[in-house]
$ cat upload.cif   # mmCIF, C-alpha atoms
data_entry
#
loop_
_atom_site.label_atom_id
_atom_site.label_comp_id
_atom_site.auth_asym_id
_atom_site.auth_seq_id
_atom_site.Cartn_x
_atom_site.Cartn_y
_atom_site.Cartn_z
CA MET A 1 0.00 0.00 0.00
CA SER A 2 1.38 3.42 -0.83
CA ASP A 3 -1.77 5.33 0.00
CA TYR A 4 -2.13 7.93 2.71
CA LYS A 5 -4.80 10.23 4.10
CA VAL A 6 -4.23 13.94 4.59
CA ILE A 7 -5.76 15.44 7.73
CA GLU A 8 -6.03 19.19 8.35
CA ILE A 9 -5.37 19.51 12.09
CA LYS A 10 -7.36 22.07 14.07
CA LYS A 11 -6.15 24.12 17.01
CA SER A 12 -6.86 22.38 20.32
CA VAL A 13 -9.68 23.67 22.45
CA PHE A 14 -8.26 22.31 25.72
CA GLU A 15 -6.78 24.78 28.14
CA ASN A 16 -4.80 22.31 30.18
CA ASN A 17 -2.53 20.46 27.76
CA ASP A 18 -0.70 18.52 30.49
CA ARG A 19 -3.98 17.01 31.70
CA GLU A 20 -5.03 16.15 28.13
CA ALA A 21 -1.63 14.54 27.52
CA ASP A 22 -1.87 12.41 30.67
CA MET A 23 -5.38 11.28 29.68
CA LEU A 24 -4.24 10.34 26.18
CA ARG A 25 -1.23 8.45 27.58
CA GLU A 26 -3.49 6.42 29.89
CA GLU A 27 -5.81 5.55 27.01
CA LEU A 28 -2.88 4.44 24.86
CA LYS A 29 -1.60 2.29 27.74
CA ARG A 30 -5.02 0.65 28.12
CA ASP A 31 -5.13 0.00 24.36
CA LYS A 32 -1.56 -1.36 24.36
CA THR A 33 -0.46 1.18 21.76
CA PHE A 34 3.00 2.67 22.22
CA LEU A 35 3.34 6.20 20.84
CA LEU A 36 6.77 7.64 20.01
CA ASN A 37 7.08 11.41 19.54
CA LEU A 38 10.01 12.02 17.16
CA MET A 39 11.42 15.55 17.01
CA SER A 40 14.31 17.39 15.35
CA SER A 41 15.34 20.47 13.36
CA PRO A 42 14.23 20.67 9.73
CA GLY A 43 16.29 18.30 7.60
CA SER A 44 17.92 16.24 10.38
CA GLY A 45 16.67 13.00 8.84
CA LYS A 46 13.50 12.07 10.75
CA THR A 47 11.82 10.48 7.74
CA THR A 48 14.92 8.63 6.51
CA THR A 49 15.52 7.28 10.02
CA LEU A 50 11.90 6.14 10.24
CA LYS A 51 12.10 4.42 6.87
CA ALA A 52 15.22 2.49 7.91
CA THR A 53 13.65 1.55 11.26
CA ILE A 54 10.37 0.42 9.67
CA ALA A 55 12.31 -1.77 7.22
CA ARG A 56 13.94 -3.46 10.24
CA LEU A 57 10.74 -4.00 12.26
CA LYS A 58 7.78 -4.24 9.88
CA ASP A 59 7.65 -8.05 9.72
CA GLU A 60 7.21 -8.33 13.49
CA TYR A 61 5.19 -5.24 14.36
CA LYS A 62 2.17 -3.40 13.03
CA ILE A 63 3.42 0.18 12.63
CA GLY A 64 1.51 3.40 12.05
CA VAL A 65 3.09 6.77 11.26
CA MET A 66 1.66 10.27 11.56
CA GLU A 67 3.66 12.81 9.59
CA ALA A 68 3.10 16.34 10.86
CA ASP A 69 4.07 19.16 8.53
CA ILE A 70 2.99 22.70 7.91
CA ASP A 71 2.51 21.90 4.25
CA SER A 72 3.37 19.25 1.61
CA ASP A 73 2.86 15.46 1.65
CA VAL A 74 6.47 14.56 0.84
CA ASP A 75 7.02 12.61 4.05
CA ALA A 76 3.75 10.62 4.23
CA LYS A 77 4.35 9.54 0.64
CA ALA A 78 7.87 8.33 1.51
CA ILE A 79 6.62 6.40 4.55
CA ALA A 80 3.64 4.87 2.72
CA GLU A 81 6.10 3.41 0.22
CA THR A 82 7.66 1.32 3.01
CA GLY A 83 4.35 -0.49 3.51
CA ALA A 84 3.67 1.06 6.93
CA GLN A 85 0.37 2.88 7.31
CA ALA A 86 0.95 6.61 7.11
CA ILE A 87 -1.18 9.70 7.42
CA GLN A 88 -0.16 13.26 6.76
CA LEU A 89 -1.16 15.86 9.34
CA HIS A 90 -1.18 19.45 8.11
CA THR A 91 -0.80 21.86 11.01
CA GLY A 92 -1.92 24.93 9.05
CA GLY A 93 1.15 26.94 10.03
CA MET A 94 1.26 25.74 13.66
CA CYS A 95 4.79 25.09 14.89
CA HIS A 96 4.18 22.05 17.11
CA LEU A 97 1.62 19.41 18.07
CA ASP A 98 -0.03 19.29 21.47
CA ALA A 99 -2.05 16.41 22.97
CA GLY A 100 -5.36 17.50 21.44
CA MET A 101 -3.82 17.71 17.97
CA THR A 102 -2.10 14.35 18.42
CA ARG A 103 -5.48 12.86 19.38
CA GLN A 104 -7.01 14.18 16.14
CA GLY A 105 -4.29 12.32 14.26
CA LEU A 106 -4.76 9.08 16.23
CA GLU A 107 -8.50 9.15 15.56
CA ASN A 108 -7.72 9.13 11.85
CA ILE A 109 -5.24 6.27 11.88
CA ASP A 110 -7.17 3.64 13.84
CA SER A 111 -4.45 3.51 16.48
CA ASP A 112 -5.81 0.38 18.23
CA ALA A 113 -4.67 -1.67 15.26
CA PHE A 114 -0.97 -0.94 15.80
CA ASP A 115 1.77 -2.19 18.13
CA PHE A 116 3.31 1.22 17.92
CA VAL A 117 2.66 4.56 16.29
CA VAL A 118 5.29 7.18 15.52
CA LEU A 119 4.41 10.86 15.46
CA GLU A 120 6.90 12.76 13.33
CA ASN A 121 6.54 16.20 14.84
CA VAL A 122 7.06 19.53 13.00
CA GLY A 123 10.77 20.20 12.27
CA ASN A 124 11.56 22.61 15.10
CA LEU A 125 13.86 22.39 18.15
CA VAL A 126 11.94 24.94 20.20
CA CYS A 127 8.14 24.74 20.36
CA PRO A 128 7.53 20.95 20.19
CA ALA A 129 9.59 20.63 23.40
CA GLU A 130 7.07 22.77 25.26
CA PHE A 131 3.99 20.67 24.55
CA ASP A 132 3.46 17.16 25.91
CA THR A 133 1.82 15.22 23.07
CA GLY A 134 0.73 12.33 25.29
CA ALA A 135 3.43 10.11 23.79
CA SER A 136 4.85 7.12 25.67
CA LYS A 137 8.41 8.27 24.94
CA ASN A 138 10.13 11.28 23.36
CA ALA A 139 12.95 10.85 20.86
CA MET A 140 14.99 13.46 19.03
CA ILE A 141 17.48 13.50 16.21
CA LEU A 142 20.46 15.84 16.11
CA SER A 143 22.40 15.64 12.86
CA VAL A 144 26.16 16.10 12.62
CA PRO A 145 26.00 19.14 10.26
CA GLU A 146 23.98 21.07 12.87
CA GLY A 147 26.92 21.12 15.26
CA ASP A 148 27.82 19.66 18.64
CA ASP A 149 26.77 22.81 20.55
CA LYS A 150 23.01 22.38 20.05
CA PRO A 151 22.34 20.96 23.57
CA LEU A 152 23.65 24.29 24.91
CA LYS A 153 21.38 26.36 22.69
CA TYR A 154 18.16 24.33 22.83
CA PRO A 155 18.20 23.03 26.40
CA LEU A 156 14.53 22.13 26.86
CA MET A 157 14.40 19.83 23.82
CA PHE A 158 17.37 17.81 25.05
CA SER A 159 16.09 17.69 28.61
CA ILE A 160 12.70 16.14 27.74
CA CYS A 161 13.95 13.39 25.40
CA ASP A 162 14.42 9.77 26.45
CA ILE A 163 16.76 9.12 23.54
CA VAL A 164 18.94 11.29 21.29
CA LEU A 165 19.96 9.89 17.90
CA ILE A 166 23.01 11.60 16.39
CA ASN A 167 22.40 11.19 12.67
CA LYS A 168 24.51 11.57 9.51
CA SER A 169 27.57 10.04 11.14
CA ASP A 170 28.85 9.29 7.62
CA VAL A 171 29.73 12.96 7.12
CA LEU A 172 31.67 13.32 10.40
CA PRO A 173 34.97 13.73 8.48
CA TYR A 174 33.64 16.86 6.74
CA PHE A 175 32.36 18.75 9.79
CA ASP A 176 33.86 20.10 13.02
CA PHE A 177 31.71 17.90 15.22
CA ASP A 178 33.16 16.50 18.44
CA MET A 179 31.10 13.43 19.39
CA GLU A 180 32.47 13.27 22.95
CA LYS A 181 31.84 16.96 23.55
CA CYS A 182 28.29 16.52 22.22
CA ARG A 183 27.65 13.57 24.56
CA GLU A 184 28.94 15.68 27.44
CA TYR A 185 26.61 18.60 26.56
CA ILE A 186 23.66 16.19 26.33
CA ARG A 187 24.56 14.68 29.75
CA LEU A 188 24.64 18.20 31.15
CA ARG A 189 21.03 18.74 30.04
CA ASN A 190 19.78 15.22 30.65
CA PRO A 191 21.95 12.60 32.38
CA LYS A 192 19.36 9.86 31.72
CA ALA A 193 19.03 10.27 27.93
CA GLU A 194 20.27 7.37 25.84
CA VAL A 195 22.56 8.58 23.02
CA ILE A 196 23.05 6.55 19.83
CA PRO A 197 25.10 7.72 16.83
CA ILE A 198 23.36 6.57 13.64
CA CYS A 199 23.47 6.99 9.90
CA ALA A 200 19.99 6.52 8.47
CA ARG A 201 21.38 6.45 4.94
CA THR A 202 23.91 3.65 5.51
CA GLY A 203 21.98 1.87 8.28
CA GLU A 204 24.65 2.39 10.97
CA GLY A 205 23.12 2.34 14.45
CA ILE A 206 19.61 1.49 13.23
CA ASP A 207 19.83 -1.95 14.90
CA ALA A 208 20.56 -0.29 18.23
CA PHE A 209 17.68 2.16 17.82
CA ALA A 210 15.31 -0.63 16.72
CA ALA A 211 16.33 -2.64 19.81
CA TRP A 212 15.64 0.36 22.08
CA LEU A 213 12.24 0.78 20.41
CA GLU A 214 11.35 -2.94 20.72
CA ARG A 215 12.33 -2.95 24.40
CA ASN A 216 10.17 0.08 25.11
CA VAL A 217 7.21 -1.14 23.08
CA LYS A 218 7.28 -4.47 24.98
CA GLU A 219 7.57 -2.78 28.38
CA TRP A 220 4.66 -0.47 27.52
CA ASN A 221 2.41 -3.21 26.26
CA ASN A 222 3.05 -5.45 29.29
CA GLN A 223 2.36 -2.74 31.81
CA MET B 1 37.04 44.28 21.89
CA SER B 2 35.62 40.86 22.64
CA ASP B 3 33.11 42.01 25.19
CA TYR B 4 29.36 41.64 24.95
CA LYS B 5 26.27 42.41 27.01
CA VAL B 6 23.62 39.81 27.77
CA ILE B 7 20.02 41.07 27.72
CA GLU B 8 17.08 39.06 29.04
CA ILE B 9 14.29 39.89 26.58
CA LYS B 10 10.76 40.29 27.91
CA LYS B 11 7.54 39.32 26.19
CA SER B 12 6.11 42.22 24.16
CA VAL B 13 3.13 44.06 25.56
CA PHE B 14 1.92 45.28 22.16
CA GLU B 15 -1.15 43.66 20.69
CA ASN B 16 -0.60 44.78 17.12
CA ASN B 17 2.85 43.56 16.09
CA ASP B 18 2.50 44.72 12.47
CA ARG B 19 1.91 48.30 13.59
CA GLU B 20 4.85 48.12 16.02
CA ALA B 21 7.05 46.73 13.27
CA ASP B 22 6.11 49.53 10.84
CA MET B 23 6.82 52.14 13.51
CA LEU B 24 10.21 50.63 14.27
CA ARG B 25 11.07 50.47 10.55
CA GLU B 26 10.23 54.16 10.12
CA GLU B 27 12.40 55.11 13.08
CA LEU B 28 15.31 53.08 11.72
CA LYS B 29 14.89 54.78 8.32
CA ARG B 30 14.97 58.21 9.97
CA ASP B 31 18.10 57.23 11.91
CA LYS B 32 19.75 55.79 8.76
CA THR B 33 20.21 52.40 10.41
CA PHE B 34 19.64 49.38 8.21
CA LEU B 35 18.41 46.32 10.11
CA LEU B 36 18.81 42.83 8.64
CA ASN B 37 16.76 40.00 10.15
CA LEU B 38 18.73 36.77 9.59
CA MET B 39 16.84 33.49 10.02
CA SER B 40 17.46 29.75 9.55
CA SER B 41 17.11 26.31 11.13
CA PRO B 42 19.40 25.47 14.05
CA GLY B 43 22.93 24.85 12.81
CA SER B 44 22.59 26.20 9.25
CA GLY B 45 25.55 28.52 9.76
CA LYS B 46 24.10 31.94 10.64
CA THR B 47 26.97 32.88 12.94
CA THR B 48 29.72 31.59 10.65
CA THR B 49 28.17 33.46 7.70
CA LEU B 50 27.99 36.63 9.77
CA LYS B 51 31.61 36.30 10.85
CA ALA B 52 32.76 35.93 7.23
CA THR B 53 30.60 38.89 6.14
CA ILE B 54 31.80 41.12 8.98
CA ALA B 55 35.43 40.35 8.08
CA ARG B 56 34.65 41.55 4.53
CA LEU B 57 32.87 44.78 5.54
CA LYS B 58 34.14 45.92 8.92
CA ASP B 59 36.70 48.43 7.61
CA GLU B 60 34.04 50.38 5.73
CA TYR B 61 30.97 50.02 7.92
CA LYS B 62 30.09 50.27 11.58
CA ILE B 63 28.34 46.96 12.30
CA GLY B 64 26.25 45.89 15.27
CA VAL B 65 24.99 42.36 15.88
CA MET B 66 22.17 41.12 18.14
CA GLU B 67 22.38 37.40 18.77
CA ALA B 68 19.04 35.95 19.85
CA ASP B 69 19.11 32.59 21.56
CA ILE B 70 17.03 30.74 24.07
CA ASP B 71 20.13 30.13 26.15
CA SER B 72 23.94 30.27 25.96
CA ASP B 73 26.27 33.08 24.84
CA VAL B 74 28.21 30.99 22.31
CA ASP B 75 27.27 33.18 19.34
CA ALA B 76 27.74 36.65 20.84
CA LYS B 77 31.19 35.55 22.00
CA ALA B 78 32.08 34.40 18.47
CA ILE B 79 30.85 37.67 16.92
CA ALA B 80 32.55 39.87 19.53
CA GLU B 81 35.85 38.23 18.57
CA THR B 82 35.51 39.69 15.04
CA GLY B 83 35.63 43.21 16.48
CA ALA B 84 31.99 44.00 15.65
CA GLN B 85 29.83 45.10 18.56
CA ALA B 86 27.66 42.22 19.71
CA ILE B 87 24.98 41.71 22.30
CA GLN B 88 23.34 38.47 23.32
CA LEU B 89 19.56 38.44 23.62
CA HIS B 90 18.12 35.65 25.73
CA THR B 91 14.52 34.97 24.77
CA GLY B 92 13.69 32.93 27.89
CA GLY B 93 12.32 30.01 25.87
CA MET B 94 10.48 32.13 23.31
CA CYS B 95 10.76 30.75 19.79
CA HIS B 96 10.99 33.99 17.79
CA LEU B 97 11.47 37.74 18.08
CA ASP B 98 8.73 40.23 17.34
CA ALA B 99 9.08 43.99 16.84
CA GLY B 100 8.79 44.84 20.54
CA MET B 101 11.48 42.35 21.44
CA THR B 102 13.71 43.61 18.64
CA ARG B 103 13.29 47.13 19.97
CA GLN B 104 14.45 45.98 23.43
CA GLY B 105 17.62 44.71 21.77
CA LEU B 106 18.19 47.90 19.74
CA GLU B 107 17.85 50.02 22.88
CA ASN B 108 20.73 48.08 24.37
CA ILE B 109 23.09 48.32 21.43
CA ASP B 110 22.94 52.07 20.71
CA SER B 111 21.68 51.41 17.19
CA ASP B 112 22.17 55.02 15.98
CA ALA B 113 25.91 54.45 16.01
CA PHE B 114 25.83 51.78 13.28
CA ASP B 115 25.52 51.74 9.49
CA PHE B 116 23.78 48.45 9.83
CA VAL B 117 22.66 46.05 12.52
CA VAL B 118 22.08 42.34 12.06
CA LEU B 119 19.54 40.49 14.17
CA GLU B 120 20.39 36.80 14.28
CA ASN B 121 16.95 35.38 15.05
CA VAL B 122 16.25 32.15 17.00
CA GLY B 123 17.12 29.03 14.95
CA ASN B 124 13.65 28.04 13.74
CA LEU B 125 12.05 27.89 10.27
CA VAL B 126 8.49 28.28 11.53
CA CYS B 127 7.71 30.95 14.13
CA PRO B 128 10.17 33.74 13.18
CA ALA B 129 8.49 33.87 9.75
CA GLU B 130 5.19 34.84 11.39
CA PHE B 131 6.43 37.93 13.22
CA ASP B 132 7.61 41.09 11.47
CA THR B 133 10.60 42.31 13.50
CA GLY B 134 10.63 45.77 11.91
CA ALA B 135 13.75 44.88 9.91
CA SER B 136 14.62 46.64 6.67
CA LYS B 137 15.15 43.29 4.92
CA ASN B 138 14.72 39.60 5.73
CA ALA B 139 17.41 37.06 4.91
CA MET B 140 17.49 33.33 5.46
CA ILE B 141 20.04 30.56 5.24
CA LEU B 142 19.22 27.07 4.03
CA SER B 143 22.13 24.67 4.37
CA VAL B 144 22.80 21.83 1.93
CA PRO B 145 22.51 19.03 4.57
CA GLU B 146 18.92 20.11 5.33
CA GLY B 147 17.77 19.08 1.85
CA ASP B 148 16.44 20.79 -1.27
CA ASP B 149 12.77 20.16 -0.34
CA LYS B 150 12.63 22.67 2.52
CA PRO B 151 10.84 25.43 0.51
CA LEU B 152 7.97 22.94 0.08
CA LYS B 153 7.76 22.19 3.79
CA TYR B 154 8.31 25.66 5.28
CA PRO B 155 6.54 27.87 2.74
CA LEU B 156 6.02 31.03 4.82
CA MET B 157 9.72 31.42 5.69
CA PHE B 158 10.76 31.29 2.05
CA SER B 159 7.96 33.61 0.95
CA ILE B 160 8.90 36.48 3.31
CA CYS B 161 12.65 36.54 2.62
CA ASP B 162 14.34 39.00 0.27
CA ILE B 163 17.37 36.77 -0.05
CA VAL B 164 18.08 33.06 0.47
CA LEU B 165 21.68 31.97 1.07
CA ILE B 166 22.31 28.28 0.37
CA ASN B 167 25.17 27.49 2.74
CA LYS B 168 27.67 24.62 3.12
CA SER B 169 28.13 24.28 -0.65
CA ASP B 170 31.46 22.55 0.10
CA VAL B 171 29.61 19.39 1.18
CA LEU B 172 27.40 19.18 -1.92
CA PRO B 173 29.24 16.03 -3.11
CA TYR B 174 28.17 14.18 0.07
CA PHE B 175 24.44 14.97 0.02
CA ASP B 176 21.53 14.37 -2.35
CA PHE B 177 20.90 18.07 -2.88
CA ASP B 178 19.78 19.31 -6.29
CA MET B 179 20.64 23.02 -6.53
CA GLU B 180 18.44 23.63 -9.58
CA LYS B 181 15.47 21.87 -8.00
CA CYS B 182 15.97 23.94 -4.84
CA ARG B 183 16.06 27.19 -6.85
CA GLU B 184 12.85 26.10 -8.57
CA TYR B 185 11.09 25.38 -5.25
CA ILE B 186 12.21 28.77 -3.89
CA ARG B 187 10.89 30.51 -7.03
CA LEU B 188 7.59 28.71 -6.52
CA ARG B 189 7.28 30.26 -3.04
CA ASN B 190 8.86 33.60 -3.85
CA PRO B 191 9.78 34.58 -7.43
CA LYS B 192 11.50 37.78 -6.24
CA ALA B 193 13.91 36.25 -3.72
CA GLU B 194 17.57 36.52 -4.59
CA VAL B 195 19.35 33.16 -4.21
CA ILE B 196 23.10 32.91 -3.57
CA PRO B 197 24.96 29.64 -2.94
CA ILE B 198 27.66 30.26 -0.32
CA CYS B 199 30.14 28.46 1.86
CA ALA B 200 30.75 30.45 5.02
CA ARG B 201 33.67 28.20 5.95
CA THR B 202 35.61 28.63 2.68
CA GLY B 203 34.33 32.11 1.84
CA GLU B 204 32.60 31.10 -1.40
CA GLY B 205 29.76 33.47 -2.26
CA ILE B 206 30.46 35.83 0.65
CA ASP B 207 31.54 38.58 -1.78
CA ALA B 208 28.18 38.34 -3.54
CA PHE B 209 26.26 38.45 -0.24
CA ALA B 210 28.38 41.36 1.01
CA ALA B 211 27.67 43.22 -2.26
CA TRP B 212 23.91 42.61 -1.84
CA LEU B 213 24.14 43.90 1.74
CA GLU B 214 26.14 47.01 0.76
CA ARG B 215 23.69 47.84 -2.03
CA ASN B 216 20.72 47.53 0.34
CA VAL B 217 22.37 49.46 3.17
CA LYS B 218 23.18 52.32 0.75
CA GLU B 219 19.66 52.38 -0.70
CA TRP B 220 18.16 52.41 2.78
CA ASN B 221 20.39 55.19 4.07
CA ASN B 222 19.78 57.40 1.02
CA GLN B 223 16.01 57.12 1.17
#

$ encode --input "upload.cif" --output "structure tokens"
Amino acid sequence: MSDYKVIEIKKSVFENNDREADMLREELKRDKTFLLNLMSSPGSGKTTTLKATIARLKDEYKIGVMEADIDSDVDAKAIAETGAQAIQLHTGGMCHLDAGMTRQGLENIDSDAFDFVVLENVGNLVCPAEFDTGASKNAMILSVPEGDDKPLKYPLMFSICDIVLINKSDVLPYFDFDMEKCREYIRLRNPKAEVIPICARTGEGIDAFAAWLERNVKEWNNQ
Amino acid sequence: MSDYKVIEIKKSVFENNDREADMLREELKRDKTFLLNLMSSPGSGKTTTLKATIARLKDEYKIGVMEADIDSDVDAKAIAETGAQAIQLHTGGMCHLDAGMTRQGLENIDSDAFDFVVLENVGNLVCPAEFDTGASKNAMILSVPEGDDKPLKYPLMFSICDIVLINKSDVLPYFDFDMEKCREYIRLRNPKAEVIPICARTGEGIDAFAAWLERNVKEWNNQ
């Protein structure tokens, strides 16, 4: 199947996003659906990483993907080609998704049918960090060309993520990126975050990320 | 001088940002101070581009720089080392600058003393596009590793910019980035935008950007 729906997301009407997010998380736990909120800057490789991860896990798990973007269907199309079910969420200019908006997406993807669903958030290191989407876990991608100093400049994003993937490791020789310094800056913001260097294009590190995802999906669904 | 002030920016109290922005622009025109609003994703090379441009122009022009960041003084420190006057604006988590916030910065940098001032906005392709800062011109940087499809995904940012710099051209051989396709997507969003491929690290294209800046500063100050 390489079909996908396009949903125009509406602004949430809920005043208390944290309460909405907790409610959504409890519902997802009851339904045994793990939801991963995947965040990054524009162009860090969220979609390519997802494609590589889906290829690794699609025979064992039923996977749904919600692609949030201000405009265009480029990403949902790419994901649908992997065979995973994808929908495209258009945020109408909004810079992040909150729990109410995430719920609108889940209602359009029949989330009960999946072992896990990935929300690819809007490409933005600032606003998505401020809104709990109701996800089971938060993941982010930092790509090598962006620089090793990003945990210093975007502290909240790094502090709320359970895992940080450092993507595009294949171009390390062409950039001034100090992996150890980057790990140290991430630890400074969030000592508990798991850090995995990956290269979505070559497949490096995708096994480790897939293993982390499997472990978390299983823990969630057995709770 | 490698000194810089750090200003904690407060939320604007003005309800009508467009009116505030127009007022600020008129004041800057009267004072013969050109203000460039420079935007991009995190890690696209705003600061490195500015450093290269300042090196090219600092003997002929008095240049001030306002570095907006959520946290850290990394960028103001780097700019101050060039000899240009720099201040660091901390936005306290806010994802963009509006005209009122820009004014707070200008009041702290003695803007009358400069031929031009550059505002390095928060690294974000979404929110800064929605708020007129009162700048004379808007510039943005798209870097090669982010991908040539960004004008499709972040339409507003590309449509409000007078010039788009395509940075990190030195790594073109290592990425699937089609320069002609990117130019076409930019034209689709904004037929009037000037597009200049640059490499801030090697200096490629900096002469062309500096010439664009000089031309616009002169036009502004003669109006």

$ residues_around --input "upload.cif" --residues "A:Ile63" --least-positions-apart "4" --cutoff "12 Å" --atoms "only C-alpha atoms" --output "PyMOL selection string"
chain A and resi 33-36+50-51+53-59+79-80+82-87+109-119+213-214+217

$ residues_around --input "upload.cif" --residues "A:Ile141" --least-positions-apart "3" --cutoff "6 Å" --atoms "all atoms listed in the file" --output "compact mmCIF listing (two decimals) with C-alpha atoms, keeping the file's coordinate frame"
# COMPACT_ATOMS: atom_id res chain seq x y z
CA SER A 40 14.31 17.39 15.35
CA VAL A 164 18.94 11.29 21.29
CA LEU A 165 19.96 9.89 17.90
CA ILE A 166 23.01 11.60 16.39

$ atom_distance --input "upload.cif" --atom1 "atom CA of B:Lys218" --atom2 "atom CA of B:Lys29"
11.5 Å

$ atom_distance --input "upload.cif" --atom1 "atom CA of B:Met39" --atom2 "atom CA of B:Met157"
8.6 Å

$ closest_residue --input "upload.cif" --among "A:Leu152, A:Ala52, A:Ala99, A:Met23" --to "chain B" --atoms "only C-alpha atoms"
A:Leu152

$ closest_residue --input "upload.cif" --among "A:Thr102, A:Asn138, A:Asn37, A:Asn167" --to "chain B" --atoms "only C-alpha atoms"
A:Asn167

$ interface_residues --input "upload.cif" --of "chain A" --to "chain B" --cutoff "10 Å" --atoms "only C-alpha atoms" --output "number ranges by chain"
A: 40-45, 69-75, 93-96, 122-127, 130, 142-156, 168, 170-171, 174-175

$ residues_around --input "upload.cif" --residues "B:Gly205" --least-positions-apart "4" --cutoff "10 Å" --atoms "all atoms listed in the file" --output "ChimeraX atom specification"
/B:165-167,169,196-200,209-211

$ write_last_selection --input "upload.cif" --atoms "C-alpha atoms" --output "tab-separated table (two decimals), in the coordinates of the input"
chain	number	residue	atom	x	y	z
B	165	LEU	CA	21.68	31.97	1.07
B	166	ILE	CA	22.31	28.28	0.37
B	167	ASN	CA	25.17	27.49	2.74
B	169	SER	CA	28.13	24.28	-0.65
B	196	ILE	CA	23.10	32.91	-3.57
B	197	PRO	CA	24.96	29.64	-2.94
B	198	ILE	CA	27.66	30.26	-0.32
B	199	CYS	CA	30.14	28.46	1.86
B	200	ALA	CA	30.75	30.45	5.02
B	209	PHE	CA	26.26	38.45	-0.24
B	210	ALA	CA	28.38	41.36	1.01
B	211	ALA	CA	27.67	43.22	-2.26

$ atom_distance --input "upload.cif" --atom1 "atom CA of A:Met66" --atom2 "atom CA of A:Asn190"
26.8 Å

$ closest_residue --input "upload.cif" --among "A:Thr91, A:Asn108, A:Asn16, A:Thr49" --to "A:Gly64" --atoms "all atoms listed in the file"
A:Asn108
